[in-house]
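The structure appears below as structure tokens.
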Amino acid sequence: MKTLFRFIGKIIKGIWKVITFIRLALANLLFIAAIVFLYFSFSQINSKDEVAPVEKEPKALVLNISGKIVEQRRFVNPMDSLTGSLLGNEVPRENVLYDIRETIRHAASDENVSGLVLSLKKMPETNLTKLRYIAKALNEFKASGKPVYAIGDFYNQSQYYLASYADKVYLAPDGGVLLRGYSSYSLYYKTLLENLDVTTHVFKVGTYKSAVEPFTRNNMSAPAKEAAGVWLGQLWGAYVDDVASNRGIEKSVLNPSMDAFLKEFEQADGSLAQLAMQLGMVDELATRQQAREAMIEAFGGDDKNGFKSVGYYTYKDEIIQEPEVTDNEIAIVVASGAIMDGPQQGNSVGGDTTAGLIRKARLNENIKALVLRVDSPGGSAFASEVIRNELIAFKETNRPVVVSMSSLAASGGYWISMSADEIMAQPTTLTGSIGIFSVVTTFEKGFNKYGVYSDGLGTSPFSGIGIATGLNDGAKRAMQLGIENGYRRFTGLVSENRGIEADAVEKIAEGRVWTGQDAVDNGLVDSIGDFDDAIARAASLAEIDTYSLNWLQKSLTPAQQFLQDFSKRISVSLGLDVNMWLPSALQPIASQVQQDLSVIQQFNDPNGYYTLCLPCQVQ
């Protein structure tokens, strides 16, 4: 009887397992079906907001860029992206600089594009080097004989820079042009850390190596101010020169003293729009309705449907083509963001990931040259060397490496650049910052204050060192010796790779930041040129006339791409934004604190040695 019951029990268990399997399978299928349904539903909803596809009739291309302009989109784990969307913390839209350039270039020769309208109200502040690359495309478009207009209610500094290239600039009567200049300000936490009984141990080499000052001082040091004053002045001078030339006005108009500004502002009756007209910064004050009528007159259309136009994103998607595969390829590897040890995360440069991409290029026989596009303030010294070693391995195959510096290639960004066959930068690039440091934070004072102590035994002088015990004098000395060795290695590599005498390297090192033009004068960079020039130079060194570009980057699987696209649809459709919960007055401070904290999160070098230029991130 017992045997019979056991047999029946096994049958029931088996049936139940089958039922459970079917139930879970159906539930999973329903869940997947729901995701697919929501995805395509959101796609249809969002498609209604897009401008209609390009028709075979002349239309104006509206450059309505929304979101940051970047060298490469950040890598986000799809599951993190999906979770972030549901919690209202979605990654903002990013626009690849090269895509903008190529889209405008294509439009210049497209007979179905009758002109260009710059509508930049959603474009945030952008580094001048990137703006100049876009401006180059604007000049090419203007050379085609097609008109360029700029329309806006307000123009921030970056928006106005691009607007100044337009044939005619419209501004709302109640709007304004807001030029603040360039600055390098930081929050300083020394007293706060002392009040919290946090001990910050700093080890560095380089008079101008000021990346750690926010954690060790309450203000900017004199050497840091001296260095920053030079390159900030050069950047602002370049901005003023370009805009003044575009608008045909005196440079002093864009760079007045406070007294001169107040006098002009008073004459304009306190109206920023009138002031802009008075100074020749804009051509006409027009309401949105008046600007729309002007565009209808220029490009055709009617009041109901507006002027004949196509949006940037719609047009870009229309002209995208699969890259042509040829026997002659130039590999493009982008190093954008802080350099961290390990794989790429977010908007960082993962040492392992970037080295892996360079190795992939090395093993591809069709690739005849490599262009490394650098836009980085540096970071982990170890990860920087991992990347540099892989570049050397590529060079040993007798194929050229050209570095193209974008806005920033300082500290670790210069470390990964210095072994290239040729380095090209733009005049407003920030580079150099040859120095090294380490930061160790311990909490023994705070623990002791609240009655928590650490005690015990160890087998070596370093056994008991930690965040609860602090650093003894021997450990501090050892750390400083390691940093000094790292600095000698950095300057020695610069001397060896750039052919500069050791004594001369010392004069241009010590963490000092240089603009691209000064870097050329000091031998740190070979020549002035943008990304296009770097590609042309790589082709010349490789002795190839025809070629295609092979953009190497960390890619997603189809399933990961689906999850990431789905998360974007959720964020856009629901209109979620985590910053909406924070008062607007506090957002700049919150952003600064978040940026400073992110620096600490990027400290993952296995040796604890960093080559980073925090002050280079201009505001």
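Labeling convention for the structure tokens: chains A, B, ... as they appear, residues from 1 per chain, ligands from 1 in order of appearance.
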Quick one: residues within 7 Å of A:Leu61, only C-alpha atoms counted, chain neighbours fewer than 6 positions away excluded, as a PDB file with N, CA, C and O atoms, in the first residue's frame?
ATOM      1  N   VAL A 113      17.462  70.002 -49.705  1.00  0.00           N
ATOM      2  CA  VAL A 113      17.621  70.877 -48.545  1.00  0.00           C
ATOM      3  C   VAL A 113      17.856  72.294 -49.064  1.00  0.00           C
ATOM      4  O   VAL A 113      18.851  72.570 -49.748  1.00  0.00           O
ATOM      5  N   GLY A 115      17.921  75.177 -47.172  1.00  0.00           N
ATOM      6  CA  GLY A 115      18.571  76.105 -46.253  1.00  0.00           C
ATOM      7  C   GLY A 115      18.710  75.479 -44.886  1.00  0.00           C
ATOM      8  O   GLY A 115      18.347  74.309 -44.678  1.00  0.00           O
ATOM      9  N   LEU A 116      19.230  76.246 -43.953  1.00  0.00           N
ATOM     10  CA  LEU A 116      19.474  75.741 -42.601  1.00  0.00           C
ATOM     11  C   LEU A 116      18.928  76.728 -41.581  1.00  0.00           C
ATOM     12  O   LEU A 116      19.182  77.931 -41.684  1.00  0.00           O
ATOM     13  N   VAL A 117      18.177  76.208 -40.617  1.00  0.00           N
ATOM     14  CA  VAL A 117      17.642  77.036 -39.545  1.00  0.00           C
ATOM     15  C   VAL A 117      18.212  76.530 -38.220  1.00  0.00           C
ATOM     16  O   VAL A 117      18.012  75.370 -37.850  1.00  0.00           O
ATOM     17  N   SER A 309      10.028  72.236 -43.686  1.00  0.00           N
ATOM     18  CA  SER A 309      11.237  71.925 -42.935  1.00  0.00           C
ATOM     19  C   SER A 309      11.302  70.451 -42.576  1.00  0.00           C
ATOM     20  O   SER A 309      10.307  69.723 -42.645  1.00  0.00           O
ATOM     21  N   VAL A 310      12.473  70.028 -42.195  1.00  0.00           N
ATOM     22  CA  VAL A 310      12.706  68.685 -41.677  1.00  0.00           C
ATOM     23  C   VAL A 310      13.646  68.820 -40.485  1.00  0.00           C
ATOM     24  O   VAL A 310      14.635  69.555 -40.537  1.00  0.00           O
ATOM     25  N   GLY A 311      13.312  68.129 -39.394  1.00  0.00           N
ATOM     26  CA  GLY A 311      14.127  68.212 -38.189  1.00  0.00           C
ATOM     27  C   GLY A 311      15.444  67.459 -38.315  1.00  0.00           C
ATOM     28  O   GLY A 311      15.575  66.529 -39.120  1.00  0.00           O
ATOM     29  N   TYR A 312      16.403  67.858 -37.514  1.00  0.00           N
ATOM     30  CA  TYR A 312      17.740  67.247 -37.556  1.00  0.00           C
ATOM     31  C   TYR A 312      17.685  65.742 -37.358  1.00  0.00           C
ATOM     32  O   TYR A 312      18.308  64.981 -38.116  1.00  0.00           O
TER      33      TYR A 312
END
### Query
Got a sec: who's within 10 Å of A:Asp283, counting only C-alpha atoms, leaving out chain neighbours fewer than 2 positions off, as a PyMOL selection string?
chain A and resi 150+167-171+247+276-278+280-281+285-286
### Pick from A:Ala409, A:Ala172, A:Leu193, A:Ile387 nearest to A:Glu284, counting only C-alpha atoms
A:Ala172
### Message
My list of candidates is A:Val253, A:Val452, A:Val202, A:Ile465. Which is closest to A:Met479 when distances are computed with only C-alpha atoms?
### Response
A:Val202
### Message
Which residues are near A:Leu372? Cut-off 7 Å, only C-alpha atoms, ignore same chain within fewer than 6 positions. Put them as number ranges by chain.
### Response
A: 332-334, 402-404
### Task
Find the residues near A:Ile535: any atom within 12 Å, counting only C-alpha atoms, skip ones fewer than 5 places away on the same chain, and give them as a count of residues only.
31
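Counting from atom CA of A:Val177, the distance to atom CA of A:Asn64 is 18.1 Å.
Residues in contact range of stretch 376-379 of chain A, defined as at most 8 Å between only C-alpha atoms, with sequence neighbours fewer than 3 positions away removed, read A:Ala335, A:Ser336, A:Gly337, A:Ala338, A:Ile339, A:Met340, A:Ser384, A:Leu408, A:Ala409, A:Ala410, A:Ser411, A:Gly412, A:Gly413, A:Tyr414, A:Gln602, A:Phe603, A:Tyr610, A:Thr611, A:Leu612, A:Cys613, A:Leu614, A:Cys616, A:Gln617.
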## Note on the structure
The residue from A:Trp231, A:Phe443, A:Tyr188, A:Trp236 with the smallest atom-to-atom distance to A:Ala211, counting only C-alpha atoms, is A:Tyr188
### Counting only C-alpha atoms, the option among A:Thr216, A:Tyr161, A:Ser380, A:Asp259 closest to A:Phe203
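Closest candidate: A:Thr216.
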### Query
Per DSSP on the backbone, what are the alpha helix (DSSP H) residues of stretch 231-393 of chain A, as a PyMOL selection string?
chain A and resi 231-247+251-254+258-267+272-278+288-299+312-319+351-362+381-393
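Within the 9 Å cut-off around A:Ser66, using only C-alpha atoms and omitting residues fewer than 2 positions from it on the same chain, the listed residues are A:Asn64, A:Lys68, A:Ile69, A:Arg93, A:Glu94, A:Asn95, A:Leu120, A:Lys121, A:Lys122, A:Met123, A:Pro124.
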### Query
From the set A:Asn604, A:Asp174, A:Ile319, A:Ile134, which residue has the shortest atom-to-atom contact distance to A:Gly270, counting only C-alpha atoms?
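Among the listed residues, A:Asp174 lies closest to A:Gly270.
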### Query
Do you know which residues are at most 12 Å from A:Val505 counting only C-alpha atoms, after dropping those on the same chain fewer than 3 positions away, and could you put them as a PyMOL selection string?
chain A and resi 432-435+487-502+508-512+519+522-524
### Task
Identify which of the residues A:Asn246, A:Gln426, A:Thr397, A:Gln345 lies closest to A:Leu363, counting only C-alpha atoms when measuring atom-to-atom distances.
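The shortest atom-to-atom distance to A:Leu363 comes from A:Thr397.
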